[in-house]
file input.pdb (PDB, C-alpha atoms)
MODEL        1
ATOM      1  CA  MET A   1       0.000   0.000   0.000  1.00  0.00           C
ATOM      2  CA  GLY A   2       2.987   2.249  -0.249  1.00  0.00           C
ATOM      3  CA  VAL A   3       1.925   3.838  -3.526  1.00  0.00           C
ATOM      4  CA  GLY A   4       3.340   7.354  -3.586  1.00  0.00           C
ATOM      5  CA  HIS A   5       2.476   8.323  -7.125  1.00  0.00           C
ATOM      6  CA  ALA A   6       0.851  11.703  -7.590  1.00  0.00           C
ATOM      7  CA  HIS A   7      -1.927  12.146 -10.102  1.00  0.00           C
ATOM      8  CA  ARG A   8      -2.960  15.144 -12.112  1.00  0.00           C
ATOM      9  CA  LEU A   9      -6.346  15.440 -10.454  1.00  0.00           C
ATOM     10  CA  TYR A  10      -4.787  15.924  -7.020  1.00  0.00           C
ATOM     11  CA  ARG A  11      -4.138  19.456  -5.780  1.00  0.00           C
ATOM     12  CA  HIS A  12      -1.781  19.816  -2.852  1.00  0.00           C
ATOM     13  CA  GLY A  13      -3.239  21.714   0.066  1.00  0.00           C
ATOM     14  CA  ALA A  14      -3.651  21.860   3.825  1.00  0.00           C
ATOM     15  CA  SER A  15      -7.378  22.549   4.018  1.00  0.00           C
ATOM     16  CA  PRO A  16      -9.697  20.835   6.519  1.00  0.00           C
ATOM     17  CA  VAL A  17     -11.028  18.710   3.645  1.00  0.00           C
ATOM     18  CA  HIS A  18      -7.506  17.543   2.740  1.00  0.00           C
ATOM     19  CA  ARG A  19      -6.928  16.501   6.352  1.00  0.00           C
ATOM     20  CA  LEU A  20     -10.056  14.363   6.562  1.00  0.00           C
ATOM     21  CA  PRO A  21      -9.470  10.592   6.591  1.00  0.00           C
ATOM     22  CA  PRO A  22      -9.906   9.157   3.104  1.00  0.00           C
ATOM     23  CA  HIS A  23     -12.668   6.712   3.996  1.00  0.00           C
ATOM     24  CA  CYS A  24     -14.743   9.590   5.374  1.00  0.00           C
ATOM     25  CA  LYS A  25     -14.411  11.503   2.097  1.00  0.00           C
ATOM     26  CA  ILE A  26     -15.157   8.442  -0.032  1.00  0.00           C
ATOM     27  CA  THR A  27     -18.299   7.701   1.989  1.00  0.00           C
ATOM     28  CA  ALA A  28     -19.436  11.331   1.849  1.00  0.00           C
ATOM     29  CA  ALA A  29     -18.932  11.537  -1.936  1.00  0.00           C
ATOM     30  CA  LEU A  30     -20.751   8.245  -2.526  1.00  0.00           C
ATOM     31  CA  CYS A  31     -23.699   9.250  -0.340  1.00  0.00           C
ATOM     32  CA  PHE A  32     -23.894  12.639  -2.056  1.00  0.00           C
ATOM     33  CA  VAL A  33     -24.041  11.004  -5.496  1.00  0.00           C
ATOM     34  CA  VAL A  34     -26.716   8.538  -4.345  1.00  0.00           C
ATOM     35  CA  VAL A  35     -28.849  11.407  -3.021  1.00  0.00           C
ATOM     36  CA  VAL A  36     -28.426  13.398  -6.240  1.00  0.00           C
ATOM     37  CA  VAL A  37     -29.428  10.413  -8.376  1.00  0.00           C
ATOM     38  CA  SER A  38     -32.488   9.844  -6.156  1.00  0.00           C
ATOM     39  CA  THR A  39     -33.765  13.386  -6.692  1.00  0.00           C
ATOM     40  CA  PRO A  40     -36.714  13.739  -9.100  1.00  0.00           C
ATOM     41  CA  ARG A  41     -35.643  15.402 -12.318  1.00  0.00           C
ATOM     42  CA  GLU A  42     -38.592  17.802 -12.179  1.00  0.00           C
ATOM     43  CA  ALA A  43     -37.137  19.483  -9.067  1.00  0.00           C
ATOM     44  CA  VAL A  44     -34.874  21.741 -11.112  1.00  0.00           C
ATOM     45  CA  TRP A  45     -34.205  24.068  -8.187  1.00  0.00           C
ATOM     46  CA  ALA A  46     -32.789  21.172  -6.139  1.00  0.00           C
ATOM     47  CA  PHE A  47     -29.915  20.654  -8.559  1.00  0.00           C
ATOM     48  CA  GLY A  48     -29.022  24.327  -8.249  1.00  0.00           C
ATOM     49  CA  LEU A  49     -28.783  23.861  -4.480  1.00  0.00           C
ATOM     50  CA  TYR A  50     -26.610  20.780  -4.981  1.00  0.00           C
ATOM     51  CA  ALA A  51     -24.258  22.862  -7.124  1.00  0.00           C
ATOM     52  CA  LEU A  52     -24.076  25.467  -4.356  1.00  0.00           C
ATOM     53  CA  LEU A  53     -23.258  22.749  -1.814  1.00  0.00           C
ATOM     54  CA  LEU A  54     -20.431  21.487  -4.006  1.00  0.00           C
ATOM     55  CA  ALA A  55     -19.178  25.044  -4.462  1.00  0.00           C
ATOM     56  CA  ALA A  56     -19.113  25.465  -0.675  1.00  0.00           C
ATOM     57  CA  ALA A  57     -17.185  22.185  -0.335  1.00  0.00           C
ATOM     58  CA  ALA A  58     -14.706  23.325  -2.999  1.00  0.00           C
ATOM     59  CA  LEU A  59     -14.308  26.625  -1.147  1.00  0.00           C
ATOM     60  CA  ALA A  60     -13.625  24.779   2.109  1.00  0.00           C
ATOM     61  CA  ALA A  61     -11.087  22.579   0.257  1.00  0.00           C
ATOM     62  CA  ARG A  62      -9.506  25.680  -1.371  1.00  0.00           C
ATOM     63  CA  VAL A  63      -9.888  24.161  -4.825  1.00  0.00           C
ATOM     64  CA  PRO A  64     -10.161  26.929  -7.457  1.00  0.00           C
ATOM     65  CA  ALA A  65     -13.205  26.943  -9.695  1.00  0.00           C
ATOM     66  CA  ARG A  66     -10.982  26.956 -12.783  1.00  0.00           C
ATOM     67  CA  PHE A  67      -9.251  23.762 -11.621  1.00  0.00           C
ATOM     68  CA  LEU A  68     -12.587  22.068 -10.961  1.00  0.00           C
ATOM     69  CA  LEU A  69     -14.252  23.178 -14.183  1.00  0.00           C
ATOM     70  CA  GLY A  70     -11.247  22.146 -16.278  1.00  0.00           C
ATOM     71  CA  ARG A  71     -11.467  18.588 -14.978  1.00  0.00           C
ATOM     72  CA  LEU A  72     -15.171  18.418 -15.797  1.00  0.00           C
ATOM     73  CA  LEU A  73     -14.297  18.211 -19.495  1.00  0.00           C
ATOM     74  CA  ILE A  74     -14.083  14.452 -19.039  1.00  0.00           C
ATOM     75  CA  GLU A  75     -17.877  14.272 -19.321  1.00  0.00           C
ATOM     76  CA  VAL A  76     -17.996  15.847 -22.799  1.00  0.00           C
ATOM     77  CA  PRO A  77     -18.989  12.515 -24.494  1.00  0.00           C
ATOM     78  CA  PHE A  78     -21.983  12.208 -22.164  1.00  0.00           C
ATOM     79  CA  VAL A  79     -22.961  15.807 -22.877  1.00  0.00           C
ATOM     80  CA  ALA A  80     -22.926  15.048 -26.605  1.00  0.00           C
ATOM     81  CA  PHE A  81     -25.185  12.040 -26.033  1.00  0.00           C
ATOM     82  CA  ALA A  82     -27.588  14.101 -23.922  1.00  0.00           C
ATOM     83  CA  VAL A  83     -27.797  16.822 -26.566  1.00  0.00           C
ATOM     84  CA  LEU A  84     -28.993  14.253 -29.126  1.00  0.00           C
ATOM     85  CA  MET A  85     -31.793  12.867 -26.948  1.00  0.00           C
ATOM     86  CA  PRO A  86     -34.408  15.591 -27.695  1.00  0.00           C
ATOM     87  CA  PHE A  87     -33.937  14.914 -31.411  1.00  0.00           C
ATOM     88  CA  VAL A  88     -34.225  11.104 -31.349  1.00  0.00           C
ATOM     89  CA  ALA A  89     -36.640  10.399 -28.476  1.00  0.00           C
ATOM     90  CA  ASN A  90     -40.355   9.805 -29.052  1.00  0.00           C
ATOM     91  CA  GLY A  91     -43.338  11.347 -27.311  1.00  0.00           C
ATOM     92  CA  PRO A  92     -45.042  14.733 -27.261  1.00  0.00           C
ATOM     93  CA  TYR A  93     -43.100  17.442 -29.072  1.00  0.00           C
ATOM     94  CA  VAL A  94     -42.585  21.081 -28.109  1.00  0.00           C
ATOM     95  CA  ASP A  95     -41.158  24.003 -30.062  1.00  0.00           C
ATOM     96  CA  VAL A  96     -37.859  25.354 -28.721  1.00  0.00           C
ATOM     97  CA  LEU A  97     -36.176  28.143 -30.699  1.00  0.00           C
ATOM     98  CA  GLY A  98     -37.992  27.051 -33.816  1.00  0.00           C
ATOM     99  CA  LEU A  99     -37.075  23.374 -33.390  1.00  0.00           C
ATOM    100  CA  SER A 100     -39.536  20.574 -32.722  1.00  0.00           C
ATOM    101  CA  LEU A 101     -38.060  18.623 -29.833  1.00  0.00           C
ATOM    102  CA  SER A 102     -39.264  15.648 -27.833  1.00  0.00           C
ATOM    103  CA  GLU A 103     -40.460  16.649 -24.378  1.00  0.00           C
ATOM    104  CA  PRO A 104     -39.401  13.312 -22.766  1.00  0.00           C
ATOM    105  CA  GLY A 105     -36.086  13.696 -24.582  1.00  0.00           C
ATOM    106  CA  LEU A 106     -35.608  17.156 -23.090  1.00  0.00           C
ATOM    107  CA  TRP A 107     -36.297  15.849 -19.600  1.00  0.00           C
ATOM    108  CA  GLY A 108     -33.976  12.905 -20.205  1.00  0.00           C
ATOM    109  CA  ALA A 109     -31.201  15.198 -21.443  1.00  0.00           C
ATOM    110  CA  TRP A 110     -31.644  17.452 -18.414  1.00  0.00           C
ATOM    111  CA  ASN A 111     -31.591  14.432 -16.097  1.00  0.00           C
ATOM    112  CA  ILE A 112     -28.307  13.163 -17.557  1.00  0.00           C
ATOM    113  CA  LEU A 113     -26.632  16.569 -17.656  1.00  0.00           C
ATOM    114  CA  ALA A 114     -27.623  17.640 -14.153  1.00  0.00           C
ATOM    115  CA  LYS A 115     -26.979  14.398 -12.305  1.00  0.00           C
ATOM    116  CA  GLY A 116     -23.935  13.446 -14.383  1.00  0.00           C
ATOM    117  CA  THR A 117     -22.272  16.827 -13.954  1.00  0.00           C
ATOM    118  CA  LEU A 118     -22.859  16.872 -10.191  1.00  0.00           C
ATOM    119  CA  GLY A 119     -21.570  13.304  -9.851  1.00  0.00           C
ATOM    120  CA  VAL A 120     -18.434  14.036 -11.862  1.00  0.00           C
ATOM    121  CA  ALA A 121     -17.863  17.260  -9.903  1.00  0.00           C
ATOM    122  CA  ALA A 122     -18.090  15.371  -6.607  1.00  0.00           C
ATOM    123  CA  SER A 123     -15.628  12.757  -7.899  1.00  0.00           C
ATOM    124  CA  VAL A 124     -13.207  15.422  -9.127  1.00  0.00           C
ATOM    125  CA  LEU A 125     -13.406  17.183  -5.776  1.00  0.00           C
ATOM    126  CA  LEU A 126     -12.670  13.905  -3.995  1.00  0.00           C
ATOM    127  CA  ALA A 127      -9.660  13.254  -6.257  1.00  0.00           C
ATOM    128  CA  ALA A 128      -8.440  16.836  -5.858  1.00  0.00           C
ATOM    129  CA  THR A 129      -8.233  16.487  -2.076  1.00  0.00           C
ATOM    130  CA  THR A 130      -7.095  12.856  -1.736  1.00  0.00           C
ATOM    131  CA  GLU A 131      -3.892  11.239  -2.951  1.00  0.00           C
ATOM    132  CA  LEU A 132      -4.003   7.892  -4.717  1.00  0.00           C
ATOM    133  CA  ARG A 133      -2.323   6.130  -1.824  1.00  0.00           C
ATOM    134  CA  GLU A 134      -4.899   7.576   0.573  1.00  0.00           C
ATOM    135  CA  LEU A 135      -7.751   6.509  -1.700  1.00  0.00           C
ATOM    136  CA  LEU A 136      -6.491   2.926  -1.606  1.00  0.00           C
ATOM    137  CA  LEU A 137      -6.137   3.058   2.167  1.00  0.00           C
ATOM    138  CA  GLY A 138      -9.646   4.455   2.417  1.00  0.00           C
ATOM    139  CA  LEU A 139     -11.070   1.669   0.262  1.00  0.00           C
ATOM    140  CA  GLN A 140      -9.245  -0.869   2.397  1.00  0.00           C
ATOM    141  CA  ARG A 141     -10.659   0.742   5.541  1.00  0.00           C
ATOM    142  CA  LEU A 142     -14.163   0.492   4.073  1.00  0.00           C
ATOM    143  CA  ARG A 143     -13.694  -3.283   3.759  1.00  0.00           C
ATOM    144  CA  MET A 144     -13.430  -3.350  -0.009  1.00  0.00           C
ATOM    145  CA  PRO A 145     -12.271  -6.842  -1.117  1.00  0.00           C
ATOM    146  CA  PRO A 146      -8.487  -6.910  -0.537  1.00  0.00           C
ATOM    147  CA  LEU A 147      -7.830  -8.474  -3.934  1.00  0.00           C
ATOM    148  CA  LEU A 148      -9.504  -5.538  -5.714  1.00  0.00           C
ATOM    149  CA  VAL A 149      -7.474  -3.070  -3.645  1.00  0.00           C
ATOM    150  CA  GLN A 150      -4.266  -4.892  -4.569  1.00  0.00           C
ATOM    151  CA  ILE A 151      -5.189  -4.909  -8.262  1.00  0.00           C
ATOM    152  CA  ALA A 152      -5.864  -1.165  -8.145  1.00  0.00           C
ATOM    153  CA  SER A 153      -2.573  -0.580  -6.309  1.00  0.00           C
ATOM    154  CA  PHE A 154      -0.539  -2.549  -8.849  1.00  0.00           C
ATOM    155  CA  MET A 155      -2.387  -0.937 -11.745  1.00  0.00           C
ATOM    156  CA  ILE A 156      -1.490   2.537 -10.505  1.00  0.00           C
ATOM    157  CA  ARG A 157       2.110   1.631  -9.776  1.00  0.00           C
ATOM    158  CA  TYR A 158       2.879  -0.257 -12.981  1.00  0.00           C
ATOM    159  CA  GLY A 159       0.892   2.081 -15.186  1.00  0.00           C
ATOM    160  CA  ASP A 160       3.703   4.557 -14.602  1.00  0.00           C
ATOM    161  CA  VAL A 161       6.308   1.850 -15.189  1.00  0.00           C
ATOM    162  CA  VAL A 162       4.788   0.836 -18.530  1.00  0.00           C
ATOM    163  CA  GLY A 163       4.420   4.488 -19.498  1.00  0.00           C
ATOM    164  CA  ASP A 164       8.131   5.084 -18.855  1.00  0.00           C
ATOM    165  CA  GLU A 165       9.000   1.998 -20.893  1.00  0.00           C
ATOM    166  CA  MET A 166       6.924   3.326 -23.803  1.00  0.00           C
ATOM    167  CA  ARG A 167       8.722   6.654 -23.579  1.00  0.00           C
ATOM    168  CA  ARG A 168      12.137   4.969 -23.683  1.00  0.00           C
ATOM    169  CA  MET A 169      11.140   2.900 -26.702  1.00  0.00           C
ATOM    170  CA  ARG A 170       9.871   6.003 -28.484  1.00  0.00           C
ATOM    171  CA  ILE A 171      13.156   7.815 -27.799  1.00  0.00           C
ATOM    172  CA  ALA A 172      15.084   4.775 -29.065  1.00  0.00           C
ATOM    173  CA  ARG A 173      13.093   4.764 -32.314  1.00  0.00           C
ATOM    174  CA  ALA A 174      13.560   8.504 -32.765  1.00  0.00           C
ATOM    175  CA  SER A 175      17.315   8.226 -32.151  1.00  0.00           C
ATOM    176  CA  ARG A 176      17.468   5.791 -35.082  1.00  0.00           C
ATOM    177  CA  GLY A 177      15.673   8.222 -37.364  1.00  0.00           C
ATOM    178  CA  PHE A 178      12.255   6.558 -37.249  1.00  0.00           C
ATOM    179  CA  GLU A 179       9.144   8.719 -37.575  1.00  0.00           C
ATOM    180  CA  ALA A 180       5.675   7.252 -38.116  1.00  0.00           C
ATOM    181  CA  ARG A 181       4.162   8.991 -41.126  1.00  0.00           C
ATOM    182  CA  GLY A 182       1.709   6.518 -42.609  1.00  0.00           C
ATOM    183  CA  VAL A 183       0.303   3.025 -42.866  1.00  0.00           C
ATOM    184  CA  ARG A 184       3.627   1.567 -43.981  1.00  0.00           C
ATOM    185  CA  HIS A 185       5.068   2.315 -40.527  1.00  0.00           C
ATOM    186  CA  TRP A 186       2.346   0.473 -38.650  1.00  0.00           C
ATOM    187  CA  GLY A 187       4.399  -2.729 -38.709  1.00  0.00           C
ATOM    188  CA  VAL A 188       7.164  -1.101 -36.681  1.00  0.00           C
ATOM    189  CA  LEU A 189       4.652   0.246 -34.183  1.00  0.00           C
ATOM    190  CA  ALA A 190       3.002  -3.183 -33.920  1.00  0.00           C
ATOM    191  CA  LYS A 191       6.371  -4.814 -33.189  1.00  0.00           C
ATOM    192  CA  SER A 192       7.041  -2.158 -30.553  1.00  0.00           C
ATOM    193  CA  ALA A 193       3.680  -2.871 -28.937  1.00  0.00           C
ATOM    194  CA  GLY A 194       4.451  -6.597 -28.900  1.00  0.00           C
ATOM    195  CA  ALA A 195       7.868  -5.996 -27.356  1.00  0.00           C
ATOM    196  CA  LEU A 196       6.276  -3.751 -24.736  1.00  0.00           C
ATOM    197  CA  PHE A 197       3.762  -6.472 -23.832  1.00  0.00           C
ATOM    198  CA  ILE A 198       6.499  -9.103 -23.465  1.00  0.00           C
ATOM    199  CA  ARG A 199       8.668  -6.798 -21.339  1.00  0.00           C
ATOM    200  CA  SER A 200       5.724  -5.896 -19.101  1.00  0.00           C
ATOM    201  CA  TYR A 201       4.742  -9.547 -18.699  1.00  0.00           C
ATOM    202  CA  GLU A 202       8.301 -10.574 -17.822  1.00  0.00           C
ATOM    203  CA  ARG A 203       8.634  -7.710 -15.357  1.00  0.00           C
ATOM    204  CA  GLY A 204       5.371  -8.755 -13.719  1.00  0.00           C
ATOM    205  CA  GLU A 205       6.686 -12.285 -13.298  1.00  0.00           C
ATOM    206  CA  ARG A 206       9.920 -11.019 -11.735  1.00  0.00           C
ATOM    207  CA  VAL A 207       8.004  -8.776  -9.336  1.00  0.00           C
ATOM    208  CA  HIS A 208       5.704 -11.630  -8.345  1.00  0.00           C
ATOM    209  CA  LEU A 209       8.651 -13.949  -7.642  1.00  0.00           C
ATOM    210  CA  ALA A 210      10.313 -11.201  -5.599  1.00  0.00           C
ATOM    211  CA  MET A 211       7.113 -10.763  -3.572  1.00  0.00           C
ATOM    212  CA  LEU A 212       6.874 -14.513  -2.925  1.00  0.00           C
ATOM    213  CA  SER A 213      10.494 -14.602  -1.777  1.00  0.00           C
ATOM    214  CA  ARG A 214       9.633 -11.894   0.761  1.00  0.00           C
ATOM    215  CA  GLY A 215       6.721 -13.834   2.235  1.00  0.00           C
ATOM    216  CA  TYR A 216       3.766 -12.614   0.177  1.00  0.00           C
ATOM    217  CA  ALA A 217       0.786 -14.898   0.847  1.00  0.00           C
ATOM    218  CA  GLY A 218      -2.062 -13.096  -0.904  1.00  0.00           C
ATOM    219  CA  THR A 219      -2.405 -10.054   1.329  1.00  0.00           C
ATOM    220  CA  MET A 220      -0.430  -6.839   1.552  1.00  0.00           C
ATOM    221  CA  PRO A 221       0.792  -5.567   4.943  1.00  0.00           C
ATOM    222  CA  VAL A 222      -1.024  -2.517   6.280  1.00  0.00           C
ATOM    223  CA  ILE A 223       1.595   0.149   6.964  1.00  0.00           C
ATOM    224  CA  ASP A 224      -0.723   2.986   8.010  1.00  0.00           C
ATOM    225  CA  GLU A 225      -3.850   2.307  10.053  1.00  0.00           C
ATOM    226  CA  VAL A 226      -6.238   5.117   9.122  1.00  0.00           C
ATOM    227  CA  THR A 227      -8.856   6.006  11.744  1.00  0.00           C
ATOM    228  CA  ALA A 228     -11.451   8.747  12.032  1.00  0.00           C
ATOM    229  CA  THR A 229     -12.872  10.545  15.036  1.00  0.00           C
ATOM    230  CA  PRO A 230     -16.601  11.236  15.482  1.00  0.00           C
ATOM    231  CA  ALA A 231     -15.898  14.917  14.787  1.00  0.00           C
ATOM    232  CA  GLN A 232     -14.280  14.052  11.449  1.00  0.00           C
ATOM    233  CA  TRP A 233     -17.213  11.845  10.500  1.00  0.00           C
ATOM    234  CA  SER A 234     -19.597  14.670  11.386  1.00  0.00           C
ATOM    235  CA  TYR A 235     -17.630  17.139   9.284  1.00  0.00           C
ATOM    236  CA  ALA A 236     -17.606  14.774   6.315  1.00  0.00           C
ATOM    237  CA  ALA A 237     -21.325  14.041   6.715  1.00  0.00           C
ATOM    238  CA  ALA A 238     -22.258  17.709   6.395  1.00  0.00           C
ATOM    239  CA  LEU A 239     -22.369  17.593   2.579  1.00  0.00           C
ATOM    240  CA  PRO A 240     -24.514  14.448   2.116  1.00  0.00           C
ATOM    241  CA  ALA A 241     -26.764  15.426   5.038  1.00  0.00           C
ATOM    242  CA  ALA A 242     -27.500  18.822   3.506  1.00  0.00           C
ATOM    243  CA  ALA A 243     -28.057  17.154   0.133  1.00  0.00           C
ATOM    244  CA  LEU A 244     -30.471  14.675   1.734  1.00  0.00           C
ATOM    245  CA  ALA A 245     -32.519  17.547   3.156  1.00  0.00           C
ATOM    246  CA  VAL A 246     -32.733  19.072  -0.328  1.00  0.00           C
ATOM    247  CA  CYS A 247     -33.755  15.698  -1.803  1.00  0.00           C
ATOM    248  CA  VAL A 248     -36.562  15.289   0.749  1.00  0.00           C
ATOM    249  CA  MET A 249     -37.866  18.758  -0.103  1.00  0.00           C
ATOM    250  CA  GLY A 250     -37.652  17.874  -3.789  1.00  0.00           C
ATOM    251  CA  TRP A 251     -39.991  14.906  -3.268  1.00  0.00           C
ATOM    252  CA  THR A 252     -42.420  16.671  -0.926  1.00  0.00           C
ATOM    253  CA  LEU A 253     -42.753  20.168  -2.408  1.00  0.00           C
TER     254      LEU A 253
ENDMDL
END
call {"tool": "encode", "arguments": {"input": "input.pdb", "output": "structure tokens"}}
result
Amino acid sequence: MGVGHAHRLYRHGASPVHRLPPHCKITAALCFVVVVVSTPREAVWAFGLYALLLAAAALAARVPARFLLGRLLIEVPFVAFAVLMPFVANGPYVDVLGLSLSEPGLWGAWNILAKGTLGVAASVLLAATTELRELLLGLQRLRMPPLLVQIASFMIRYGDVVGDEMRRMRIARASRGFEARGVRHWGVLAKSAGALFIRSYERGERVHLAMLSRGYAGTMPVIDEVTATPAQWSYAAALPAAALAVCVMGWTL
């Protein structure tokens, strides 16, 4: 569990949100997303309040709006899908700016955009305040299956290793005057991909044998025991609790 790799979504800081135990933040983000998804799509005002709650959390975490909004670009494919729904869905049609659009399609597009954007924003905020190593420790603390935690840990660690190997192979090709310019160079790239696979597989075998020689028996030792106080749980629960109140009003009003 000693993964120390930084990721681009993480923003270094010393805010109260950064100092929260990771399992508290993971639980809070998950509960917030569940509440948002449970909100009726017709309660448009509720989603505005959810956005304000996330903005308050980002302010408490000292995460700039520009940083948060830039990372939301990952949902662009879903936005494109939502934009097409009013044009392809069936049902009663309404005129919007001279276009005949499906009313159920409009509601479906709004539902995807609102809930998807809020869910992605909550995930980005979680990643911006929690390092990868802490996320894995938090998942382990929440009793996620140990094998899945180990797979995620190795994936993060050796993703960087494979990326560095690809970079070295690219530099080696460039130093020999190679530059991919068309289909006739695909063979060289395919051979490089095959060599990369073989090297990665062999390295994985060597790492596994080294782990077995050091007493690995299917579980990784826990170096840091992460705990949370009742006050920290209360602080983390503020966001989903406020969102739950909004959701209840959305169903009753």
call {"tool": "residues_around", "arguments": {"input": "input.pdb", "residues": "stretch 188-199 of chain A", "least_positions_apart": "2", "cutoff": "9 Å", "atoms": "all atoms listed in the file", "output": "list in words"}}
result
Val162, Glu165, Met166, Met169, Arg170, Ala180, Arg184, His185, Trp186, Tyr201, Glu202, Arg203 and Gly204 of chain A
call {"tool": "residues_around", "arguments": {"input": "input.pdb", "residues": "A:Asn111", "least_positions_apart": "3", "cutoff": "9 Å", "atoms": "all atoms listed in the file", "output": "list in words"}}
result
Val37, Pro40, Arg41, Glu42, Ala82, Leu106, Trp107, Gly108, Ala114, Lys115 and Gly116 of chain A
call {"tool": "closest_residue", "arguments": {"input": "input.pdb", "among": "A:Val44, A:Leu137, A:Ala237, A:Val183", "to": "A:His23", "atoms": "all atoms listed in the file"}}
result
A:Leu137
call {"tool": "closest_residue", "arguments": {"input": "input.pdb", "among": "A:Ile112, A:Ala121, A:Val76, A:Val35", "to": "A:Leu9", "atoms": "only C-alpha atoms"}}
result
A:Ala121
call {"tool": "atom_distance", "arguments": {"input": "input.pdb", "atom1": "atom CA of A:Met144", "atom2": "atom CA of A:Trp233"}}
result
18.9 Å
call {"tool": "atom_distance", "arguments": {"input": "input.pdb", "atom1": "atom CA of A:Val120", "atom2": "atom CA of A:Glu75"}}
result
7.5 Å
call {"tool": "closest_residue", "arguments": {"input": "input.pdb", "among": "A:Ala46, A:Ala65, A:Ala243, A:Leu209", "to": "A:Leu30", "atoms": "all atoms listed in the file"}}
result
A:Ala243
call {"tool": "atom_distance", "arguments": {"input": "input.pdb", "atom1": "atom CA of A:Leu20", "atom2": "atom CA of A:Pro64"}}
result
18.8 Å
call {"tool": "axis_aligned_box", "arguments": {"input": "input.pdb", "around": "stretch 71-75 of chain A", "padding_each_side": "3 Å", "output": "lines of an AutoDock Vina configuration file"}}
result
center_x = -14.7
center_y = 16.4
center_z = -17.2
size_x = 12.4
size_y = 10.3
size_z = 10.5
